[in-house]
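Q: Sharing final30.csv here; it has CSV, C-alpha atoms.
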```csv
chain,number,residue,atom,x,y,z
M,1,MET,CA,264.5,81.6,11.4
M,2,HIS,CA,268.1,80.3,11.0
M,3,GLU,CA,269.3,82.7,13.7
M,4,ILE,CA,266.6,81.6,16.1
M,5,TYR,CA,267.3,77.9,15.5
M,6,LYS,CA,271.1,78.5,15.9
M,7,PHE,CA,270.4,80.2,19.2
M,8,VAL,CA,268.0,77.7,20.7
M,9,SER,CA,270.0,74.7,19.5
M,10,GLY,CA,273.4,76.2,20.5
M,11,PRO,CA,274.0,78.6,23.4
M,12,LEU,CA,270.6,78.0,25.0
M,13,VAL,CA,271.2,74.3,25.2
M,14,TRP,CA,274.5,74.9,27.1
M,15,LEU,CA,272.8,77.5,29.3
M,16,ALA,CA,269.9,75.2,30.1
M,17,PHE,CA,272.2,72.2,31.0
M,18,ILE,CA,274.6,74.4,33.1
M,19,ILE,CA,271.7,75.8,35.1
M,20,PHE,CA,270.1,72.4,35.4
M,21,VAL,CA,273.3,70.7,36.7
M,22,GLY,CA,274.6,73.7,38.6
M,23,GLY,CA,271.2,74.5,40.1
M,24,SER,CA,270.7,70.9,41.1
M,25,LEU,CA,274.1,70.8,42.8
M,26,TYR,CA,273.3,74.1,44.5
M,27,ARG,CA,270.0,72.9,45.8
M,28,LEU,CA,271.5,69.6,47.0
M,29,ILE,CA,274.4,71.3,48.8
M,30,SER,CA,272.3,74.1,50.3
M,31,MET,CA,269.8,71.5,51.5
M,32,ALA,CA,272.5,69.4,53.0
M,33,ILE,CA,273.8,72.5,54.9
M,34,LEU,CA,270.3,73.4,56.0
M,35,ALA,CA,269.7,69.8,57.3
M,36,LYS,CA,273.0,69.9,59.2
M,37,LYS,CA,271.9,73.2,60.9
M,38,LYS,CA,268.3,72.3,61.6
M,39,ASP,CA,268.3,68.6,62.0
M,40,GLY,CA,271.9,67.5,62.5
M,41,LEU,CA,271.0,64.2,64.0
M,42,VAL,CA,269.9,63.0,60.5
M,43,TYR,CA,273.6,62.5,59.7
M,44,GLU,CA,273.9,60.2,62.7
M,45,TYR,CA,271.2,57.8,61.9
M,46,PHE,CA,271.1,58.0,58.1
M,47,SER,CA,271.7,54.5,56.9
M,48,LEU,CA,272.4,53.4,53.4
M,49,LYS,CA,270.9,50.0,54.0
M,50,TYR,CA,267.5,51.4,55.2
M,51,ALA,CA,267.6,54.2,52.7
M,52,PHE,CA,267.9,51.8,49.7
M,53,ARG,CA,265.4,49.4,51.3
M,54,SER,CA,262.9,52.1,51.3
M,55,ILE,CA,263.8,53.5,47.8
M,56,TYR,CA,263.5,50.0,46.4
M,57,HIS,CA,260.1,49.4,47.9
M,58,TRP,CA,258.7,52.7,46.6
M,59,LEU,CA,260.4,52.3,43.2
M,60,ILE,CA,258.6,49.0,42.3
M,61,PRO,CA,255.0,49.4,41.3
M,62,PHE,CA,252.5,47.9,43.8
M,63,CYS,CA,255.3,47.2,46.3
M,64,SER,CA,254.3,49.8,48.8
M,65,ARG,CA,251.0,49.7,50.6
M,66,ASN,CA,250.2,53.2,49.4
M,67,SER,CA,250.5,52.2,45.8
M,68,GLN,CA,248.3,49.1,46.3
M,69,GLN,CA,245.6,51.3,47.8
M,70,HIS,CA,245.7,53.5,44.7
M,71,PRO,CA,246.2,51.2,41.7
M,72,TRP,CA,245.1,53.6,39.0
M,73,LEU,CA,247.4,56.4,40.3
M,74,THR,CA,250.2,53.9,40.6
M,75,LEU,CA,249.7,52.7,37.0
M,76,VAL,CA,249.6,56.2,35.6
M,77,THR,CA,252.5,57.7,37.7
M,78,PHE,CA,254.8,54.8,36.8
M,79,ALA,CA,253.9,54.8,33.1
M,80,PHE,CA,254.2,58.6,33.2
M,81,HIS,CA,257.6,58.9,34.8
M,82,VAL,CA,259.1,56.0,32.9
M,83,SER,CA,258.0,57.5,29.6
M,84,LEU,CA,259.0,61.0,30.6
M,85,ILE,CA,262.6,60.0,31.4
M,86,PHE,CA,263.0,57.2,28.8
M,87,THR,CA,261.6,58.8,25.6
M,88,PRO,CA,263.8,61.9,25.3
M,89,LEU,CA,267.0,59.9,26.1
M,90,PHE,CA,266.3,57.2,23.5
M,91,LEU,CA,264.6,59.2,20.7
M,92,LEU,CA,266.1,58.8,17.3
M,93,ALA,CA,265.9,62.5,16.4
M,94,HIS,CA,267.7,63.5,19.6
M,95,ILE,CA,270.4,60.9,19.1
M,96,ILE,CA,271.0,62.2,15.6
M,97,LEU,CA,271.5,65.7,16.9
M,98,ILE,CA,274.0,64.4,19.5
M,99,LYS,CA,275.7,62.4,16.7
M,100,GLU,CA,276.0,65.6,14.7
M,101,SER,CA,277.5,67.5,17.6
M,102,TRP,CA,279.7,64.9,19.3
M,103,ASP,CA,279.9,62.0,16.9
M,104,ILE,CA,278.4,59.6,19.5
M,105,SER,CA,275.2,57.5,19.3
M,106,TRP,CA,273.4,54.8,21.1
M,107,TRP,CA,270.4,52.5,21.0
M,108,PHE,CA,267.1,54.2,20.1
M,109,LEU,CA,263.4,53.5,20.4
M,110,PRO,CA,261.3,52.4,17.4
M,111,GLU,CA,259.4,55.5,16.2
M,112,GLY,CA,256.0,54.0,16.8
M,113,MET,CA,257.0,53.2,20.4
M,114,ALA,CA,258.4,56.7,21.0
M,115,ASP,CA,255.1,58.1,19.6
M,116,PHE,CA,253.1,55.9,22.0
M,117,LEU,CA,255.2,56.8,25.0
M,118,THR,CA,254.8,60.5,24.1
M,119,ILE,CA,251.0,60.1,24.2
M,120,VAL,CA,251.4,58.4,27.6
M,121,VAL,CA,253.2,61.5,29.0
M,122,ILE,CA,250.7,63.9,27.6
M,123,ALA,CA,247.8,61.8,28.9
M,124,GLY,CA,249.6,61.5,32.2
M,125,CYS,CA,249.8,65.3,32.5
M,126,VAL,CA,246.0,65.6,31.8
M,127,PHE,CA,245.3,62.9,34.4
M,128,LEU,CA,247.4,64.5,37.0
M,129,GLY,CA,245.9,67.9,36.2
M,130,ILE,CA,242.4,66.6,36.5
M,131,ARG,CA,243.3,64.8,39.7
M,132,ARG,CA,244.4,68.0,41.3
M,133,ILE,CA,241.0,69.5,40.6
M,134,VAL,CA,238.6,66.6,41.5
M,135,ARG,CA,240.4,65.0,44.5
M,136,PRO,CA,239.7,67.3,47.5
M,137,GLU,CA,242.7,66.1,49.4
M,138,VAL,CA,245.0,67.0,46.5
M,139,ARG,CA,243.1,70.1,45.6
M,140,TYR,CA,243.8,71.4,49.1
M,141,LEU,CA,247.5,71.3,48.4
M,142,THR,CA,247.2,72.7,44.9
M,143,ASN,CA,247.9,76.2,43.6
M,144,THR,CA,248.2,77.7,40.2
M,145,SER,CA,251.9,76.9,39.9
M,146,ASP,CA,251.2,73.2,40.0
M,147,PHE,CA,249.1,73.5,36.8
M,148,ILE,CA,251.8,75.7,35.2
M,149,ILE,CA,254.4,73.1,36.1
M,150,LEU,CA,252.3,70.3,34.6
M,151,ALA,CA,251.8,72.4,31.4
M,152,LEU,CA,255.6,73.0,31.2
M,153,VAL,CA,256.2,69.2,31.5
M,154,GLY,CA,253.7,68.5,28.8
M,155,LEU,CA,254.7,71.2,26.4
M,156,PRO,CA,258.0,69.6,25.0
M,157,PHE,CA,256.0,66.4,24.4
M,158,ILE,CA,253.0,68.1,22.7
M,159,THR,CA,255.3,70.2,20.5
M,160,GLY,CA,257.5,67.3,19.7
M,161,PHE,CA,254.5,65.1,18.8
M,162,TRP,CA,253.2,68.0,16.7
M,163,SER,CA,256.3,68.6,14.7
M,164,PHE,CA,257.0,64.8,14.3
M,165,HIS,CA,253.5,64.4,12.7
M,166,GLN,CA,254.2,67.5,10.6
M,167,TRP,CA,250.9,69.1,11.4
M,168,PRO,CA,250.5,72.8,10.2
M,169,GLY,CA,253.1,75.1,11.8
M,170,SER,CA,255.5,72.3,12.5
M,171,THR,CA,258.5,74.5,12.0
M,172,PHE,CA,257.4,76.9,14.7
M,173,MET,CA,256.5,73.9,16.9
M,174,GLY,CA,260.0,72.4,16.3
M,175,ILE,CA,261.6,75.6,17.6
M,176,LEU,CA,259.1,75.8,20.5
M,177,HIS,CA,259.9,72.1,21.2
M,178,ILE,CA,263.5,72.8,21.7
M,179,PHE,CA,262.9,76.0,23.7
M,180,SER,CA,260.2,74.4,26.0
M,181,GLY,CA,262.6,71.5,26.7
M,182,GLU,CA,265.2,74.0,27.8
M,183,VAL,CA,262.7,75.9,30.0
M,184,LEU,CA,261.8,72.6,31.6
M,185,LEU,CA,265.4,71.7,32.4
M,186,VAL,CA,266.0,75.1,34.0
M,187,MET,CA,262.8,74.7,36.1
M,188,ILE,CA,263.7,71.3,37.5
M,189,PRO,CA,266.0,72.5,40.4
M,190,PHE,CA,263.9,75.4,41.4
M,191,THR,CA,260.3,74.1,41.4
M,192,ARG,CA,258.4,71.1,42.7
M,193,LEU,CA,260.1,69.3,39.9
M,194,SER,CA,263.1,69.1,42.1
M,195,HIS,CA,261.7,65.9,43.5
M,196,MET,CA,263.7,64.5,40.6
M,197,ILE,CA,266.9,65.2,42.4
M,198,PHE,CA,265.6,65.1,46.0
M,199,PHE,CA,263.6,61.9,46.0
M,200,PRO,CA,266.5,59.5,46.9
M,201,PHE,CA,267.3,61.8,49.9
M,202,THR,CA,263.7,62.4,51.1
M,203,ARG,CA,262.9,58.7,50.7
M,204,GLY,CA,266.3,57.7,52.2
M,205,TYR,CA,265.7,60.0,55.1
M,206,ILE,CA,262.3,58.6,55.9
M,207,GLY,CA,263.6,55.0,55.3
M,208,SER,CA,266.5,55.6,57.7
M,209,GLU,CA,264.3,57.0,60.4
M,210,PHE,CA,261.7,54.2,60.1
M,211,GLY,CA,264.3,51.5,59.7
M,212,ALA,CA,267.1,52.5,62.0
M,213,VAL,CA,265.2,54.5,64.7
M,214,ARG,CA,261.7,53.2,64.8
M,215,ASN,CA,262.4,49.7,63.5
M,216,VAL,CA,259.3,49.6,61.3
M,217,LYS,CA,258.6,49.4,57.6
M,218,ASP,CA,257.9,52.7,55.7
M,219,TRP,CA,256.2,51.3,52.7
U,1,MET,CA,234.9,68.1,-46.9
U,2,LYS,CA,237.8,65.8,-47.4
U,3,LYS,CA,239.7,65.1,-44.3
U,4,ARG,CA,243.3,66.3,-44.5
U,5,PRO,CA,245.8,63.7,-43.4
U,6,VAL,CA,248.0,64.8,-40.6
U,7,LYS,CA,251.2,65.7,-42.1
U,8,LEU,CA,254.3,65.0,-40.0
U,9,SER,CA,256.4,67.8,-41.0
U,10,ALA,CA,260.0,68.1,-39.9
U,11,PRO,CA,259.4,70.7,-37.2
U,12,ILE,CA,256.7,68.6,-35.6
U,13,ILE,CA,258.8,65.5,-35.6
U,14,PHE,CA,261.7,67.4,-34.1
U,15,GLY,CA,259.5,68.8,-31.4
U,16,LEU,CA,258.2,65.4,-30.5
U,17,VAL,CA,261.6,63.9,-30.3
U,18,LEU,CA,262.8,66.9,-28.2
U,19,CYS,CA,259.9,66.4,-25.8
U,20,LEU,CA,260.8,62.7,-25.5
U,21,VAL,CA,264.5,63.3,-24.9
U,22,MET,CA,263.7,66.0,-22.4
U,23,THR,CA,261.3,63.7,-20.5
U,24,VAL,CA,264.0,61.0,-20.3
U,25,PHE,CA,266.7,63.4,-19.2
U,26,ALA,CA,264.3,65.1,-16.7
U,27,GLN,CA,263.7,61.7,-15.1
U,28,GLU,CA,267.4,61.2,-14.8
U,29,ASP,CA,267.8,64.4,-12.8
U,30,ILE,CA,268.2,63.5,-9.1
U,31,VAL,CA,265.1,64.3,-7.2
U,32,GLU,CA,265.8,62.6,-3.9
U,33,VAL,CA,268.7,62.0,-1.5
U,34,ALA,CA,269.3,58.3,-1.7
U,35,ASP,CA,271.9,55.8,-0.7
U,36,SER,CA,271.8,52.0,-0.9
U,37,ILE,CA,272.9,51.8,2.7
U,38,PHE,CA,269.3,52.8,3.6
U,39,SER,CA,267.7,49.9,1.7
U,40,GLY,CA,265.0,48.5,4.0
U,41,LYS,CA,266.2,50.7,6.9
U,42,LYS,CA,264.4,53.9,6.1
U,43,ILE,CA,262.8,55.3,9.3
U,44,ARG,CA,262.2,58.9,8.1
U,45,PRO,CA,260.9,59.7,4.7
U,46,PRO,CA,263.7,60.3,2.1
U,47,VAL,CA,264.5,64.0,1.4
U,48,PRO,CA,263.2,65.4,-1.8
U,49,PHE,CA,266.1,67.0,-3.5
U,50,HIS,CA,266.1,68.5,-7.0
U,51,HIS,CA,269.8,68.4,-7.7
U,52,GLU,CA,269.9,70.8,-10.7
U,53,ALA,CA,267.3,73.3,-9.3
U,54,HIS,CA,269.0,73.3,-5.9
U,55,ASN,CA,272.5,74.0,-7.3
U,56,GLU,CA,271.3,76.7,-9.5
U,57,LYS,CA,269.5,78.4,-6.7
U,58,ALA,CA,272.3,77.9,-4.3
U,59,LYS,CA,274.9,78.9,-6.9
U,60,ILE,CA,276.9,75.8,-6.4
U,61,TYR,CA,279.1,75.2,-9.5
U,62,GLU,CA,281.8,72.9,-8.2
U,63,CYS,CA,280.8,69.2,-7.7
U,64,ASN,CA,283.1,68.7,-4.8
U,65,VAL,CA,281.3,71.3,-2.6
U,66,CYS,CA,279.2,68.2,-1.8
U,67,HIS,CA,280.9,65.3,-3.6
U,68,HIS,CA,284.2,65.8,-1.8
U,69,VAL,CA,287.3,63.6,-1.3
U,70,TRP,CA,289.2,63.7,1.9
U,71,GLU,CA,292.7,62.3,2.4
U,72,GLY,CA,294.8,62.5,5.5
U,73,GLY,CA,292.4,64.8,7.2
U,74,LYS,CA,292.4,67.3,4.3
U,75,LYS,CA,289.8,68.0,1.6
U,76,LEU,CA,291.4,67.6,-1.8
U,77,GLU,CA,290.8,70.7,-3.7
U,78,TYR,CA,290.4,69.3,-7.2
U,79,GLU,CA,289.1,65.8,-6.5
U,80,THR,CA,285.4,64.9,-6.8
U,81,SER,CA,283.5,61.8,-5.9
U,82,GLU,CA,280.1,62.0,-7.6
U,83,GLU,CA,280.5,58.5,-9.0
U,84,MET,CA,280.7,57.1,-5.4
U,85,GLU,CA,278.0,56.5,-2.9
U,86,CYS,CA,278.3,58.6,0.2
U,87,SER,CA,278.2,55.4,2.3
U,88,GLU,CA,281.3,54.1,0.6
U,89,CYS,CA,283.2,56.3,3.1
U,90,HIS,CA,280.6,57.2,5.6
U,91,TYR,CA,279.6,53.6,6.4
U,92,ASP,CA,279.8,53.1,10.1
U,93,THR,CA,276.6,51.8,11.6
U,94,THR,CA,277.6,51.9,15.3
U,95,ALA,CA,274.5,51.9,17.5
U,96,ALA,CA,271.4,49.8,16.8
U,97,GLY,CA,272.8,48.8,13.4
U,98,TYR,CA,271.6,52.1,11.9
U,99,PRO,CA,273.9,54.1,9.6
U,100,PHE,CA,274.4,57.1,11.8
U,101,ASP,CA,277.6,58.0,10.0
U,102,VAL,CA,276.1,58.7,6.6
U,103,ILE,CA,273.2,60.5,8.4
U,104,LYS,CA,275.7,62.7,10.0
U,105,ALA,CA,277.4,63.3,6.7
U,106,TYR,CA,274.2,64.3,5.0
U,107,HIS,CA,273.1,66.5,7.9
U,108,ASP,CA,276.5,68.2,8.2
U,109,ASN,CA,276.5,68.8,4.5
U,110,CYS,CA,272.9,70.0,4.0
U,111,LYS,CA,272.0,71.5,7.4
U,112,GLY,CA,275.5,72.8,8.0
U,113,CYS,CA,275.5,74.7,4.7
U,114,HIS,CA,272.0,76.0,5.2
U,115,LEU,CA,272.8,77.3,8.6
U,116,GLN,CA,276.0,78.9,7.3
U,117,LYS,CA,274.2,80.5,4.3
U,118,LYS,CA,271.1,81.3,6.4
U,119,ALA,CA,269.0,79.7,3.6
U,120,GLY,CA,267.2,76.4,3.2
U,121,PRO,CA,265.5,74.0,5.5
U,122,ILE,CA,267.1,73.0,8.9
U,123,LEU,CA,264.4,71.3,11.1
U,124,CYS,CA,263.6,67.6,10.8
U,125,SER,CA,260.2,68.2,9.3
U,126,GLU,CA,261.4,70.7,6.8
U,127,CYS,CA,263.5,68.1,4.9
U,128,HIS,CA,262.0,64.7,5.8
U,129,VAL,CA,258.6,65.6,4.5
U,130,LYS,CA,255.8,63.1,5.2
U,131,GLN,CA,254.7,61.5,1.9
```
Go ahead and express the file in the form of C-alpha cells.
A:
Amino acid sequence: MHEIYKFVSGPLVWLAFIIFVGGSLYRLISMAILAKKKDGLVYEYFSLKYAFRSIYHWLIPFCSRNSQQHPWLTLVTFAFHVSLIFTPLFLLAHIILIKESWDISWWFLPEGMADFLTIVVIAGCVFLGIRRIVRPEVRYLTNTSDFIILALVGLPFITGFWSFHQWPGSTFMGILHIFSGEVLLVMIPFTRLSHMIFFPFTRGYIGSEFGAVRNVKDW
Amino acid sequence: MKKRPVKLSAPIIFGLVLCLVMTVFAQEDIVEVADSIFSGKKIRPPVPFHHEAHNEKAKIYECNVCHHVWEGGKKLEYETSEEMECSECHYDTTAAGYPFDVIKAYHDNCKGCHLQKKAGPILCSECHVKQ
C-alpha cells in the first residue's frame, strides 16, 4: 500500500508530466514540419490577427453561429471544459500536495464548488457519450476509442469524487484517482485529446485562411 | 428479610475514586490533532489522533520526534516544544488566508513518518475521516 502510493505519487507523476510535455512538444513540432512539407503556403498567409480573431469568436459561448445553432451542446461543452481544466488546478487537496512537495500554494475553490464542478465534468462525459450514440452525424464519426477516451477523462473525476466522499473502498479509489490522472495526462498528446494543444493552431489556421485569403468570417 | 444497608467498604470507595480519576485523565489524553489557528477555518474534518495509543504502537518515546525545536536550520537534539502550539512557528497563511504552513507541517510529520515506516494512514480520506 505505502509502496504503491509512493510510486504513483512520486516517479509516476514525473513520468506522466514528462511524457505530457515532451509528447505535446513532439506532436507540435512534427505537425509543424509536416505542414511545411505538405502545405507550405500556410506559413505565408498565417496571420496572428485573423488567428486570434477566430479563436476569440469560438472561445466565447454563443459567439459563433455554430454555437448559436446548438445551444445545449454549447452550454454543456463550455461548462464541461471550464470545469475540466479549472477544478484540478484549484482543488484544495491538490494544492496541499504541491505545498508539501514544493512549499508553494495558491488560491483554491471552496469544497462545495469543487464538488459541483466535478459533477459537471462527469455529467458532461455522460452527455457527450450519449450524443455519440444518438446523433447519427456524430455516430458516423465515432468508434470505440472515443468512448474509451471519454471514460478516461471521467475516471479521475469519478474516483476523486468517490474518495472525497469517503464511500467504501476510498483508499483504493484514491490510488486509482492518482493513477487515472496520470494515464489521462499521458494520453493527451497521442489521442483525440490532443485538441487541447492543437486547437489554437487549427482554429488559427482556419481563421487565417478565411480572414486573410477569402476575406470572410469563419464563425 | 431485613434489607442490608449497602456498606461502603474501603476497597469499593477506592475503586470508585480510581474510576473517577481514570475517567478524568482519560479525557485529558489527546484524541484529535488540533491547533487554534484552525478555529473557524476547518475545511476537512479534524484528524482523530490518540496520542498515547499512537506513540505506544509507533514506539515513539521521545517527545521531540514530533514536538521539535529548530534553530538555525538544525533540529535541536534535546529541546522539546510540547507546551507550544504548532502554529506558533508554522504560522504562514499565504494563499487564500488558509494556514498552509501548519498543514504542511502536520502532513510532513504524520504522512512523512508513515511513508518512511510503511505504517499508518497516508491518503486524505484515511486521516480526515468524515464525522
Q: For chain U, list the residues within 8 Å of chain M, counting only C-alpha atoms, and write the list as a PyMOL selection string.
A: chain U and resi 43+94-96+100+103-104+107-108+115+118-119+122-126+129-130
Q: Take atom CA of His195 of chain M and atom CA of Pro71 of chain M and report the distance between them in Å, one decimal.
A: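 Atom CA of Pro71 of chain M lies 21.4 Å from atom CA of His195 of chain M.
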Q: So how many Å separate atom CA of Thr118 of chain M and atom CA of Val21 of chain M, to one decimal?
A: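 Atom CA of Val21 of chain M lies 24.6 Å from atom CA of Thr118 of chain M.
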Q: Expressed in Å to a single decimal, how great is the separation between atom CA of Ser87 of chain U and atom CA of Ser36 of chain U?
A: 7.9 Å
Q: Just checking: using all atoms listed in the file, which residue out of M:Ser208, M:Thr77, M:Thr159, M:Gln69 ends up closest to Ser54 of chain M?
A: M:Ser208
Q: Would you kindly identify which residues have an atom no farther than 10 Å from (264.9, 48.9, 55.9), using all atoms listed in the file and the file's own coordinates, and write them out as a list in words?
A: Ser47, Leu48, Lys49, Tyr50, Ala51, Phe52, Arg53, Ser54, Ile55, Tyr56, His57, Gly204, Gly207, Ser208, Glu209, Phe210, Gly211, Ala212, Asn215, Val216, Lys217, Asp218 and Trp219 of chain M
Q: Check the smallest atom-to-atom distance from each of U:Asp35, U:Cys110, U:Lys42, U:Gly97 to Met84 of chain U using all atoms listed in the file, then report the winner.
A: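 The shortest atom-to-atom distance to Met84 of chain U comes from U:Asp35.
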Q: Which residue is closest to Ser83 of chain M? Choose from M:Phe116, M:Tyr140, M:Phe46, M:Phe62 and count all atoms listed in the file.
A: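 Going through M:Phe116, M:Tyr140, M:Phe46, M:Phe62 one by one, the smallest distance to Ser83 of chain M is for M:Phe116.
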Q: Name all residues at most 10 Å from Tyr106 of chain U (count all atoms listed in the file; drop same-chain ones fewer than 5 positions away) and give them as a PDB file with C-alpha atoms, in the frame of the given file.
A:
```pdb
ATOM      1  CA  GLU M 100     276.000  65.600  14.700  1.00  0.00           C
TER       2      GLU M 100
ATOM      3  CA  VAL U  33     268.700  62.000  -1.500  1.00  0.00           C
ATOM      4  CA  CYS U  66     279.200  68.200  -1.800  1.00  0.00           C
ATOM      5  CA  CYS U  86     278.300  58.600   0.200  1.00  0.00           C
ATOM      6  CA  HIS U  90     280.600  57.200   5.600  1.00  0.00           C
ATOM      7  CA  PHE U 100     274.400  57.100  11.800  1.00  0.00           C
ATOM      8  CA  ASP U 101     277.600  58.000  10.000  1.00  0.00           C
ATOM      9  CA  LYS U 111     272.000  71.500   7.400  1.00  0.00           C
ATOM     10  CA  GLY U 112     275.500  72.800   8.000  1.00  0.00           C
TER      11      GLY U 112
END
```
